[in-house]
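Report on one structure; see the data block that follows.
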Amino acid sequence: MGIEVVRDEATGRKYTLDAPTEVPAGGVTFLLNLHGGGSVGAWQREYFPAYDLVDDFGLVIATPSAATKEPFRMWVAEADDDHLRNIVEAVFARYGVDRIRAFWLVGHSQGGMTSNRLLRTPYFADRVDGWLSLSGGRLGPAQPVENFGPPPPPGQERPARPEGMTRLRQLFAELPEADFSFMYTTGELEIAALPETSPWADRYGAGSRQRLDDVVDTEPGRIHDTLREGRSNKGWGLLPRPGTAEVYVYPGGRDGRVIADVVRLDKGHTEGLEPNVTRTLVELLVAEPGGKAKRMAAAV
């Protein structure tokens with residue numbers, strides 16, 4: 001495994017790139033890993049520690065930080081989309097389109113909402129093979145618990161949600177036209193209930209939901225919301241701790257699409273993912289047949 005800090009020459013911004021020691025014969029699976037609102041790339045890298053698995057599964061993981069800092073750090077189209085496209089182009093150029101077997105967007109919270117928005121733009125719709133939403137909204141959707149959100153400082157009211165965030169939430173009721181695999185993972189305590197059906201599975205003619213073996217972790221995740229430690233709530237997230245996750249798949253989807261829901265029991269929005277559930281998510285996503293960027297390049 002190798003880690004590198006890469007500079008986007010066009011914007012001057014930096015991002016972290018984790019890559020395997022050797023490129024597998026079948027090529028690499030590229031993940032563009034987006035943090036949530038109020039966070040940064042370094043936190044996101046530990047929240048979803050797939051970098052531990054780059055050699056096991058041939059992963060290349062780019063983890064950037066958003067530029068906009070007010071009212072909190074968050075992804076904004078005008079400030080970030082060019083940078084994100086530059087990252088994709090740089091990774092494709094480094095490995096060659098023929099050696100990118102699949103390209104996934106990964107996003108936590110507002111990073112998941114941003115993934116949803118990006119998939120509605122021609123550039124990403126033409127290239128992305130899958131989207132892994134890490135508590136970043138479900139195509140369907142799954143409703144959050146009442147009064148969900150970060151707890152405000154003592155004696156203060158929760159600030160108003162930016163208008164752009166409201167529009168991002170609305171997108172989950174409007175299925176995108178792009179073709180891709182979709183996996184959703186959530187903390188049990190941040191949603192009211194997980195639906196038993198999936199409109200995304202219906203689109204691809206997948207079978208009824210099947211429950212796989214639970215994933216048990218005896219080790220905790222590596223990160224949590226340290227800014228609100230001591231005054232957080234179960235829905236937003238507490239300290240990292242071991243746990244169990246329920247895994248549901250919708251098998252037999254057209255074109256080999258991977259469609260799955262993973263519920264981390266007794267967890268909220270911000271506890272970092274444990275090692276075994278991280279591995280399970282990666283095992284599922286590398287099953288995506290991929291090749292969209294390669295087919296697009298061949299058609300040009």
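To be explicit about the labels: the chains of the structure tokens are called A, B, and onward in the order shown, and within each one the residues are counted from 1, while ligands get numbers from 1 in the order they are shown.
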
- Message: Need to verify the contact set: region 71-84 of chain A, 7 Å, only C-alpha atoms, exclusion of same-chain residues closer than 6 positions in sequence. Can you return it as an NGL selection string?
- Response: :A and (11 or 36-39 or 114)

Residue subset to file, keeping C-alpha atoms, as a tab-separated table (two decimals), in the first residue's frame:
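Once written, again_29.tsv looks like this:
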```tsv
chain	number	residue	atom	x	y	z
A	11	THR	CA	-6.54	24.54	-8.87
A	36	GLY	CA	-19.69	15.26	4.88
A	37	GLY	CA	-20.60	18.85	5.71
A	38	GLY	CA	-18.40	20.38	8.39
A	39	SER	CA	-15.71	17.75	7.86
A	114	THR	CA	-23.19	15.58	-3.52
```

- Query: Residues of region 3-163 of chain A in helix (DSSP H, G or I) according to DSSP, as a ChimeraX atom specification?
  - Reply: /A:41-47,50-57,77-95,97-99,110-118,122-125,163

Take the residues just selected and output them with N, CA and C atoms as a compact mmCIF listing (two decimals), in the first residue's frame.
```txt
# COMPACT_ATOMS: atom_id res chain seq x y z
N GLY A 41 -11.21 15.97 4.36
CA GLY A 41 -10.78 14.70 3.79
C GLY A 41 -10.08 13.79 4.78
N ALA A 42 -9.26 14.34 5.66
CA ALA A 42 -8.53 13.50 6.62
C ALA A 42 -9.49 12.75 7.54
N TRP A 43 -10.58 13.41 7.95
CA TRP A 43 -11.58 12.74 8.79
C TRP A 43 -12.29 11.64 8.00
N GLN A 44 -12.65 11.95 6.76
CA GLN A 44 -13.36 10.98 5.92
C GLN A 44 -12.52 9.73 5.67
N ARG A 45 -11.23 9.91 5.50
CA ARG A 45 -10.34 8.77 5.25
C ARG A 45 -10.38 7.79 6.41
N GLU A 46 -10.50 8.31 7.64
CA GLU A 46 -10.57 7.43 8.81
C GLU A 46 -11.99 6.93 9.07
N TYR A 47 -12.99 7.71 8.69
CA TYR A 47 -14.39 7.29 8.85
C TYR A 47 -14.66 6.03 8.02
N ALA A 50 -11.12 2.31 4.06
CA ALA A 50 -10.89 1.34 3.00
C ALA A 50 -9.44 1.33 2.54
N TYR A 51 -8.66 2.35 2.93
CA TYR A 51 -7.24 2.36 2.54
C TYR A 51 -6.51 1.14 3.08
N ASP A 52 -7.02 0.53 4.15
CA ASP A 52 -6.40 -0.70 4.68
C ASP A 52 -6.52 -1.86 3.70
N LEU A 53 -7.42 -1.74 2.73
CA LEU A 53 -7.75 -2.86 1.85
C LEU A 53 -7.29 -2.64 0.41
N VAL A 54 -6.46 -1.62 0.17
CA VAL A 54 -6.10 -1.32 -1.22
C VAL A 54 -5.34 -2.46 -1.88
N ASP A 55 -4.48 -3.14 -1.14
CA ASP A 55 -3.74 -4.26 -1.73
C ASP A 55 -4.61 -5.50 -1.85
N ASP A 56 -5.50 -5.71 -0.90
CA ASP A 56 -6.37 -6.89 -0.94
C ASP A 56 -7.32 -6.86 -2.13
N PHE A 57 -7.79 -5.67 -2.50
CA PHE A 57 -8.83 -5.57 -3.52
C PHE A 57 -8.45 -4.70 -4.71
N ALA A 77 -21.10 23.14 -6.02
CA ALA A 77 -20.81 22.90 -7.43
C ALA A 77 -19.81 23.89 -8.00
N GLU A 78 -20.06 25.19 -7.80
CA GLU A 78 -19.21 26.22 -8.40
C GLU A 78 -17.79 26.18 -7.85
N ALA A 79 -17.63 25.77 -6.61
CA ALA A 79 -16.31 25.79 -5.98
C ALA A 79 -15.55 24.48 -6.15
N ASP A 80 -16.25 23.38 -6.38
CA ASP A 80 -15.60 22.07 -6.27
C ASP A 80 -15.68 21.17 -7.50
N ASP A 81 -16.66 21.34 -8.36
CA ASP A 81 -16.85 20.35 -9.42
C ASP A 81 -15.66 20.26 -10.37
N ASP A 82 -15.05 21.39 -10.70
CA ASP A 82 -13.88 21.35 -11.57
C ASP A 82 -12.75 20.56 -10.91
N HIS A 83 -12.55 20.79 -9.61
CA HIS A 83 -11.50 20.07 -8.88
C HIS A 83 -11.77 18.57 -8.87
N LEU A 84 -13.01 18.18 -8.64
CA LEU A 84 -13.34 16.75 -8.62
C LEU A 84 -13.15 16.11 -9.99
N ARG A 85 -13.51 16.83 -11.05
CA ARG A 85 -13.27 16.30 -12.39
C ARG A 85 -11.77 16.18 -12.67
N ASN A 86 -11.00 17.16 -12.18
CA ASN A 86 -9.55 17.09 -12.37
C ASN A 86 -8.95 15.86 -11.68
N ILE A 87 -9.46 15.53 -10.51
CA ILE A 87 -8.98 14.33 -9.80
C ILE A 87 -9.26 13.09 -10.63
N VAL A 88 -10.48 12.99 -11.15
CA VAL A 88 -10.84 11.83 -11.96
C VAL A 88 -9.93 11.73 -13.18
N GLU A 89 -9.73 12.84 -13.87
CA GLU A 89 -8.88 12.82 -15.05
C GLU A 89 -7.45 12.43 -14.71
N ALA A 90 -6.95 12.90 -13.56
CA ALA A 90 -5.59 12.57 -13.16
C ALA A 90 -5.44 11.08 -12.87
N VAL A 91 -6.42 10.49 -12.19
CA VAL A 91 -6.35 9.06 -11.89
C VAL A 91 -6.49 8.24 -13.16
N PHE A 92 -7.39 8.63 -14.04
CA PHE A 92 -7.54 7.91 -15.31
C PHE A 92 -6.25 7.99 -16.13
N ALA A 93 -5.62 9.16 -16.11
CA ALA A 93 -4.38 9.31 -16.87
C ALA A 93 -3.25 8.49 -16.27
N ARG A 94 -3.19 8.43 -14.94
CA ARG A 94 -2.12 7.68 -14.27
C ARG A 94 -2.20 6.19 -14.58
N TYR A 95 -3.40 5.64 -14.54
CA TYR A 95 -3.54 4.19 -14.69
C TYR A 95 -3.95 3.78 -16.10
N VAL A 97 -7.34 4.36 -18.91
CA VAL A 97 -8.75 3.98 -18.82
C VAL A 97 -8.93 2.47 -18.87
N ASP A 98 -8.08 1.78 -19.64
CA ASP A 98 -8.21 0.33 -19.76
C ASP A 98 -7.92 -0.40 -18.45
N ARG A 99 -7.26 0.29 -17.51
CA ARG A 99 -6.91 -0.38 -16.24
C ARG A 99 -7.76 0.12 -15.07
N GLN A 110 -23.36 14.91 3.59
CA GLN A 110 -23.46 15.83 2.46
C GLN A 110 -22.58 15.40 1.30
N GLY A 111 -21.56 14.60 1.58
CA GLY A 111 -20.77 14.00 0.49
C GLY A 111 -21.58 12.99 -0.30
N GLY A 112 -22.51 12.28 0.38
CA GLY A 112 -23.42 11.39 -0.33
C GLY A 112 -24.43 12.16 -1.15
N MET A 113 -24.97 13.23 -0.57
CA MET A 113 -25.89 14.08 -1.32
C MET A 113 -25.20 14.67 -2.55
N THR A 114 -23.94 15.03 -2.39
CA THR A 114 -23.19 15.58 -3.52
C THR A 114 -22.96 14.52 -4.58
N SER A 115 -22.70 13.27 -4.17
CA SER A 115 -22.57 12.17 -5.14
C SER A 115 -23.85 12.05 -5.96
N ASN A 116 -24.99 12.13 -5.29
CA ASN A 116 -26.28 12.08 -5.97
C ASN A 116 -26.39 13.20 -7.01
N ARG A 117 -25.98 14.40 -6.63
CA ARG A 117 -26.03 15.53 -7.57
C ARG A 117 -25.07 15.33 -8.73
N LEU A 118 -23.85 14.87 -8.44
CA LEU A 118 -22.86 14.67 -9.50
C LEU A 118 -23.34 13.66 -10.54
N PRO A 122 -23.61 15.20 -16.85
CA PRO A 122 -23.15 14.29 -17.89
C PRO A 122 -21.77 13.69 -17.61
N TYR A 123 -20.84 14.49 -17.07
CA TYR A 123 -19.47 13.98 -16.88
C TYR A 123 -19.47 12.75 -15.99
N PHE A 124 -20.10 12.84 -14.83
CA PHE A 124 -20.07 11.72 -13.90
C PHE A 124 -21.04 10.62 -14.30
N ALA A 125 -22.18 10.97 -14.87
CA ALA A 125 -23.12 9.95 -15.32
C ALA A 125 -22.50 9.03 -16.36
N GLU A 163 -29.99 26.65 1.86
CA GLU A 163 -30.96 26.34 0.82
C GLU A 163 -30.48 25.21 -0.08
```

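Using only C-alpha atoms, the nearest neighbour of Ala19 (chain A) within the list A:Ser133, A:Thr280, A:Asn233, A:Thr63 is A:Thr63.
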
- Item | Counting only C-alpha atoms, the option among A:Ala10, A:Ile3, A:Val258, A:Ala66 closest to Asp179 (chain A) | A:Val258

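Between CA of Leu175 (chain A) and CA of Val128 (chain A) the separation is 15.5 Å.
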
- Between CA of Val40 (chain A) and CA of Arg264 (chain A) - distance in Å to one decimal: 22.8 Å

- Please identify all polymer residues within 10 Å of region 253-257 of chain A, counting only C-alpha atoms, omitting same-chain residues fewer than 6 positions from it, and present them as a list in words.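 Once the adjacent positions are removed, what remains is Asp129, Gly130, Asp179, Phe180, Ser181, Phe182, Trp200, Ala201, Asp202, Arg203, Tyr204, Gly205, Ala206, Gly207, Leu285, Ala287, Glu288, Pro289 and Gly290 of chain A.
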
Take the selection from the previous step and output its residues with N, CA and C atoms, as a CSV table (one decimal), in the first residue's frame.
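In the end it all went to result.csv:
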```csv
chain,number,residue,atom,x,y,z
A,129,ASP,N,-19.6,3.9,-12.2
A,129,ASP,CA,-20.2,2.6,-12.2
A,129,ASP,C,-21.0,2.3,-11.0
A,130,GLY,N,-20.7,3.0,-9.9
A,130,GLY,CA,-21.4,2.8,-8.6
A,130,GLY,C,-21.3,3.9,-7.7
A,179,ASP,N,-27.1,5.1,-15.2
A,179,ASP,CA,-27.0,3.7,-14.8
A,179,ASP,C,-25.8,3.5,-13.9
A,180,PHE,N,-26.1,2.9,-12.7
A,180,PHE,CA,-25.0,2.6,-11.8
A,180,PHE,C,-25.5,1.6,-10.7
A,181,SER,N,-24.5,1.0,-10.0
A,181,SER,CA,-24.9,0.2,-8.8
A,181,SER,C,-25.0,1.2,-7.7
A,182,PHE,N,-25.8,0.7,-6.7
A,182,PHE,CA,-26.1,1.6,-5.5
A,182,PHE,C,-26.1,0.8,-4.2
A,200,TRP,N,-34.7,1.5,-6.8
A,200,TRP,CA,-33.5,1.3,-7.6
A,200,TRP,C,-33.4,-0.2,-8.0
A,201,ALA,N,-33.7,-1.1,-7.1
A,201,ALA,CA,-33.7,-2.5,-7.4
A,201,ALA,C,-34.8,-2.8,-8.5
A,202,ASP,N,-36.0,-2.1,-8.3
A,202,ASP,CA,-37.0,-2.3,-9.3
A,202,ASP,C,-36.6,-1.9,-10.7
A,203,ARG,N,-35.9,-0.8,-10.8
A,203,ARG,CA,-35.4,-0.3,-12.1
A,203,ARG,C,-34.7,-1.4,-12.8
A,204,TYR,N,-33.9,-2.2,-12.1
A,204,TYR,CA,-33.0,-3.2,-12.7
A,204,TYR,C,-33.6,-4.6,-12.7
A,205,GLY,N,-34.8,-4.7,-12.3
A,205,GLY,CA,-35.5,-6.0,-12.3
A,205,GLY,C,-34.9,-7.0,-11.3
A,206,ALA,N,-34.3,-6.5,-10.2
A,206,ALA,CA,-33.7,-7.3,-9.2
A,206,ALA,C,-34.7,-8.1,-8.4
A,207,GLY,N,-34.3,-9.2,-7.8
A,207,GLY,CA,-35.2,-10.0,-7.0
A,207,GLY,C,-35.5,-9.3,-5.6
A,285,LEU,N,-18.8,-3.9,-3.4
A,285,LEU,CA,-18.6,-3.0,-4.5
A,285,LEU,C,-17.7,-3.5,-5.6
A,287,ALA,N,-17.7,-6.3,-6.8
A,287,ALA,CA,-18.5,-7.3,-7.6
A,287,ALA,C,-19.1,-6.5,-8.8
A,288,GLU,N,-19.2,-5.2,-8.7
A,288,GLU,CA,-19.7,-4.4,-9.8
A,288,GLU,C,-18.9,-4.7,-11.1
A,289,PRO,N,-19.5,-5.1,-12.2
A,289,PRO,CA,-18.8,-5.4,-13.5
A,289,PRO,C,-18.0,-4.3,-14.0
A,290,GLY,N,-18.4,-3.0,-13.8
A,290,GLY,CA,-17.6,-1.8,-14.2
A,290,GLY,C,-17.5,-1.7,-15.7
```

- Task: Run DSSP on the backbone and give me the residues of region 15-126 of chain A it puts in strand (DSSP E or B), as a PyMOL selection string.
- Result: chain A and resi 15-19+28-34+59-63+68+74+100-108

- Could you pull the residues within 7 Å of Val216 (chain A), counting only C-alpha atoms, minus those fewer than 5 positions along the same chain, as a PyMOL selection string? chain A and resi 243-245+276

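Residue nearest Leu31 (chain A) within the list A:Val282, A:Met1, A:Ala178, A:Leu189: A:Val282 [criterion: smallest interatomic distance, only C-alpha atoms].
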
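Separating CA of Pro176 (chain A) from CA of Arg120 (chain A) is a distance of 6.0 Å.
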
- Query: Any idea what's packed within 10 Å of Gly58 (chain A), counting only C-alpha atoms, ignoring anything in its chain fewer than 2 positions away? Could you give it as a list in words?
  - Reply: Met1, Ala19, Pro20, Thr21, Glu22, Val23, Pro24, Ala25, Gly26, Gly27, Val28, Thr29, Phe30, Leu53, Val54, Asp55, Asp56, Val60, Ile61, Arg101 and Val286 of chain A

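Proximity of A:Ala293, A:Ile259, A:Leu119, A:Leu134 to Thr278 (chain A), computed with only C-alpha atoms, is greatest for A:Leu134.
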
- Query: Which residue out of A:Leu17, A:Ala102, A:Ala193, A:Leu238 has the minimum interatomic distance to Gly272 (chain A) when only C-alpha atoms are used?
  - Reply: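 Going through A:Leu17, A:Ala102, A:Ala193, A:Leu238 one by one, the smallest distance to Gly272 (chain A) is for A:Leu238.
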
- Message: Which residue is closest to Leu265 (chain A)? Choose from A:Glu196, A:Glu70, A:Glu246, A:Glu174 and count only C-alpha atoms.
- Response: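 Smallest distance to Leu265 (chain A) is found for A:Glu246.
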